[in-house]
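Written below as C-alpha cells is the structure these notes are about.
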Amino acid sequence: MTAPGRLQPTASDRRLHRIMNDPRTKPYHATAGRRRALVLAHTAATAAGFTGLVVLYAAHNAWWAALIAAALLVWVPLTGLLNSMTDGLFELRPRMLDERQLAERAAVHGLAFRVVRLVVLAAVLAFAGLAATGIALADLAGALAGTGVGLLLLQGLLPLWLAAVRVEDVPADEVAA
Amino acid sequence: MSERVHNRLAVVRAEHRVSRRELADAVGAHYQTIGHLERGQYNPSLDLALRIAEYFRLPVEALFSLTAFRPLSEELYPRRRDEGTEADTAPPRGSST
C-alpha cells in the first residue's frame, strides 16, 4: 500500500487497516439500500444525541443524559460500520491509502466544506435577522452555543456521511486466486 | 485533452488469471481501485499505470490509451474484415436463406 517516498506504516497503521478492511463487516453494507439506511440511522443517532445535549443544558434535567447515553450506544457501532463502508477513508492515515482513496478523500472534504460553508452562512444570516428584530445577542447565547456545537458536529461528520453515500457496489472478484 | 484513460485491464487480468486483490497487492493499491480502473471510473497516475504494466510485463501503451481500444478480435483478425472476403459475406453453411 505504501508508495516509494512515503512514510512507512506503523504496527498501529497496519492493525487499523486490517480492521477497516475486515471482510466480515462488508455484508452489512453490501447494497446501496443498506448503506443509505445506515447513513440515515447514523444521522438520526447523532441528532438524538445532540438534542439530548441541548435539552440537558437548557432544562437542567439529568434524565436527558439517558438519551445521550442511548444515542451513543447506537452511534458507536454505526460509526464503525460507516468507517468499514468507506474502507477507513477518514480513519486511516494518508500513508495507508492509495492514490484513488486520497483523491476521493479530498473530493469529499471539498464537497463537505462547501455544504458546511452554506450552513454557516445561513446560521449567521438567521442570527443577524434575529438581532435586527431587536433581540439582544445576550438572549441568544444558548441558541448560539447550540448552533456552534451543531456546526462542529456537522463539519466533523458530514465528510463521513457523504463518503458513505458515494460508496458503490463492489463486483465479485471473479478470477479464482 | 482526453478526460478518460481507456484500458484493457480487465481483459489482461482475466487472461493472466489474476484476481483484483492479487493485482492490487502487487502494485500497492486498494483492491477496489482496480475495479474503479476497470470500469473507467478512475484514471491512474503515471506511477500506478507503469507499476501495473510492469506487473504484466507489457508496455504501458498495451494497457492504457487516450483513445478507445479496438476489440481484440478485430486486432487479431483485421484482414478478413478489411478484405470483405466471400467467407465473410456468404451465409453460414446449412443456412436456408
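The way I read the labels, and the way they are meant: chains A, B, ... in the order of the C-alpha cells, residue 1 as the first residue of every chain, and ligand 1 as the first ligand shown, with later ones counted on from there.
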Please identify every residue of chain B that has at least one atom no more than 9 Å from any atom of chain A, counting only C-alpha atoms, and report them as a PyMOL selection string. chain B and resi 13-14+17-22+24-25+27-30+32-33+35-36+42-45+48
Go ahead and save the residues from that selection, with N, CA and C atoms, as a CSV table (one decimal), in the first residue's frame.
chain,number,residue,atom,x,y,z
B,13,ARG,N,-6.1,-8.9,-17.2
B,13,ARG,CA,-6.1,-9.6,-15.8
B,13,ARG,C,-6.8,-11.0,-15.9
B,14,ALA,N,-7.9,-11.1,-16.6
B,14,ALA,CA,-8.5,-12.4,-16.8
B,14,ALA,C,-7.6,-13.3,-17.5
B,17,ARG,N,-5.2,-14.7,-15.3
B,17,ARG,CA,-5.9,-15.4,-14.2
B,17,ARG,C,-5.4,-14.8,-12.8
B,18,VAL,N,-5.5,-13.5,-12.8
B,18,VAL,CA,-5.0,-12.7,-11.6
B,18,VAL,C,-6.3,-12.1,-11.0
B,19,SER,N,-6.5,-12.2,-9.7
B,19,SER,CA,-7.7,-11.6,-9.1
B,19,SER,C,-7.4,-10.1,-8.9
B,20,ARG,N,-8.4,-9.3,-8.6
B,20,ARG,CA,-8.2,-7.9,-8.4
B,20,ARG,C,-7.4,-7.7,-7.1
B,21,ARG,N,-7.6,-8.5,-6.1
B,21,ARG,CA,-6.9,-8.4,-4.9
B,21,ARG,C,-5.4,-8.7,-5.0
B,22,GLU,N,-5.1,-9.7,-5.8
B,22,GLU,CA,-3.7,-10.1,-6.1
B,22,GLU,C,-3.0,-8.9,-6.8
B,24,ALA,N,-3.9,-5.8,-6.9
B,24,ALA,CA,-3.8,-4.6,-6.0
B,24,ALA,C,-2.7,-4.8,-5.0
B,25,ASP,N,-2.5,-6.0,-4.5
B,25,ASP,CA,-1.4,-6.2,-3.5
B,25,ASP,C,0.0,-6.0,-4.2
B,27,VAL,N,0.7,-4.2,-6.8
B,27,VAL,CA,1.1,-2.8,-7.3
B,27,VAL,C,0.9,-1.8,-6.2
B,28,GLY,N,0.5,-2.2,-5.0
B,28,GLY,CA,0.4,-1.3,-3.8
B,28,GLY,C,-0.9,-0.4,-3.9
B,29,ALA,N,-2.0,-1.0,-4.4
B,29,ALA,CA,-3.2,-0.2,-4.4
B,29,ALA,C,-4.3,-1.0,-3.6
B,30,HIS,N,-5.4,-0.3,-3.4
B,30,HIS,CA,-6.5,-1.0,-2.8
B,30,HIS,C,-7.3,-1.8,-3.8
B,32,GLN,N,-10.3,-2.3,-4.5
B,32,GLN,CA,-11.4,-1.6,-5.1
B,32,GLN,C,-10.9,-0.6,-6.2
B,33,THR,N,-9.7,-0.1,-6.0
B,33,THR,CA,-9.1,0.8,-7.0
B,33,THR,C,-9.0,0.1,-8.4
B,35,GLY,N,-10.9,-2.2,-9.5
B,35,GLY,CA,-12.3,-2.3,-10.0
B,35,GLY,C,-12.7,-0.9,-10.6
B,36,HIS,N,-12.3,0.2,-9.9
B,36,HIS,CA,-12.6,1.5,-10.4
B,36,HIS,C,-11.9,1.7,-11.8
B,42,TYR,N,-11.9,5.7,-12.7
B,42,TYR,CA,-10.7,6.4,-12.2
B,42,TYR,C,-9.6,6.3,-13.2
B,43,ASN,N,-8.9,7.4,-13.4
B,43,ASN,CA,-7.7,7.4,-14.3
B,43,ASN,C,-6.5,7.2,-13.4
B,44,PRO,N,-5.6,6.2,-13.7
B,44,PRO,CA,-4.5,6.0,-12.8
B,44,PRO,C,-3.4,7.1,-13.1
B,45,SER,N,-2.6,7.3,-12.0
B,45,SER,CA,-1.4,8.1,-12.2
B,45,SER,C,-0.4,7.4,-13.1
B,48,LEU,N,1.2,4.5,-11.1
B,48,LEU,CA,0.4,3.3,-11.0
B,48,LEU,C,0.3,2.6,-12.3
Pull the alpha helix (DSSP H) assignments for chain A out of DSSP run on the backbone, and list those residues as a PyMOL selection string. chain A and resi 11-20+32-59+64-85+99-132+141-166
Selection: 9 Å around Thr51 in chain A, only C-alpha atoms, excl. self and same-chain fewer than 4 positions, as a PyMOL selection string: chain A and resi 46-47+55-56+64+67-68
Which residues are close to Gly148 in chain A, i.e. within 10 Å by only C-alpha atoms, leaving aside same-chain residues fewer than 6 positions away? Reply as a list in words. Val120, Ala123, Gly142 and Leu154 of chain A
Kindly export the residues of the current selection with C-alpha atoms, as a PDB file, in the first residue's frame.
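Now in result.pdb:
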ATOM      1  CA  VAL A 120     -22.707  28.554   8.450  1.00  0.00           C
ATOM      2  CA  ALA A 123     -26.884  30.431  10.517  1.00  0.00           C
ATOM      3  CA  GLY A 142     -27.963  29.481  24.308  1.00  0.00           C
ATOM      4  CA  LEU A 154     -21.722  18.730  11.073  1.00  0.00           C
TER       5      LEU A 154
END
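Using only C-alpha atoms, the contacts of Leu92 in chain A at a cut-off of 9 Å, with sequence neighbours closer than 2 positions omitted, comprise Asp13, Leu16, His17, Met20, Asp87, Gly88, Leu89, Phe90, Pro94, Arg95, Met96 and Leu97 of chain A.
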Which residues are near Leu58 in chain B? Cut-off 12 Å, only C-alpha atoms, ignore same chain within fewer than 2 positions. Put them as a list in words.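 Counting only C-alpha atoms, the residues come to Arg8, Leu9, Val12, Arg13, His16, Ala49, Leu50, Arg51, Ile52, Ala53, Glu54, Tyr55, Phe56, Val60, Glu61, Ala62, Leu63 and Phe64 of chain B.
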Output of the above residues as a CSV table (one decimal), in the first residue's frame, restricted to N, CA and C atoms:
chain,number,residue,atom,x,y,z
B,8,ARG,N,-7.3,-1.8,-20.9
B,8,ARG,CA,-7.6,-3.2,-21.2
B,8,ARG,C,-7.3,-4.1,-20.0
B,9,LEU,N,-7.4,-3.5,-18.8
B,9,LEU,CA,-7.0,-4.1,-17.6
B,9,LEU,C,-7.8,-5.4,-17.3
B,12,VAL,N,-6.8,-8.3,-19.7
B,12,VAL,CA,-5.4,-8.8,-19.5
B,12,VAL,C,-5.4,-9.5,-18.1
B,13,ARG,N,-6.1,-8.9,-17.2
B,13,ARG,CA,-6.1,-9.6,-15.8
B,13,ARG,C,-6.8,-11.0,-15.9
B,16,HIS,N,-4.4,-13.4,-17.5
B,16,HIS,CA,-3.4,-13.9,-16.7
B,16,HIS,C,-3.9,-14.6,-15.4
B,49,ALA,N,0.1,3.4,-13.4
B,49,ALA,CA,0.0,2.7,-14.7
B,49,ALA,C,1.2,2.0,-15.0
B,50,LEU,N,2.4,2.6,-14.7
B,50,LEU,CA,3.7,1.9,-15.0
B,50,LEU,C,3.9,0.7,-14.1
B,51,ARG,N,3.4,0.8,-12.9
B,51,ARG,CA,3.5,-0.4,-12.0
B,51,ARG,C,2.7,-1.6,-12.5
B,52,ILE,N,1.5,-1.2,-13.0
B,52,ILE,CA,0.6,-2.3,-13.5
B,52,ILE,C,1.2,-2.9,-14.8
B,53,ALA,N,1.7,-2.0,-15.6
B,53,ALA,CA,2.3,-2.5,-16.9
B,53,ALA,C,3.5,-3.4,-16.6
B,54,GLU,N,4.3,-3.0,-15.6
B,54,GLU,CA,5.5,-3.8,-15.2
B,54,GLU,C,5.0,-5.2,-14.6
B,55,TYR,N,4.0,-5.2,-13.9
B,55,TYR,CA,3.5,-6.4,-13.3
B,55,TYR,C,3.1,-7.4,-14.4
B,56,PHE,N,2.4,-6.9,-15.4
B,56,PHE,CA,2.0,-7.8,-16.5
B,56,PHE,C,3.1,-8.0,-17.6
B,60,VAL,N,3.3,0.0,-21.4
B,60,VAL,CA,2.1,0.7,-20.8
B,60,VAL,C,1.1,1.0,-21.8
B,61,GLU,N,1.5,1.2,-23.1
B,61,GLU,CA,0.5,1.6,-24.1
B,61,GLU,C,-0.3,0.4,-24.5
B,62,ALA,N,0.1,-0.8,-24.1
B,62,ALA,CA,-0.7,-2.0,-24.4
B,62,ALA,C,-1.9,-2.1,-23.5
B,63,LEU,N,-1.8,-1.4,-22.3
B,63,LEU,CA,-2.8,-1.5,-21.3
B,63,LEU,C,-3.6,-0.2,-21.2
B,64,PHE,N,-3.0,0.9,-21.5
B,64,PHE,CA,-3.7,2.2,-21.3
B,64,PHE,C,-3.6,3.0,-22.6
Which polymer residues have any atom within 12 Å of an atom of Leu111 in chain A, counting only C-alpha atoms, with same-chain residues fewer than 3 positions away left out, as an NGL selection string? :A and (104-108 or 114-118 or 155 or 158-163 or 166)
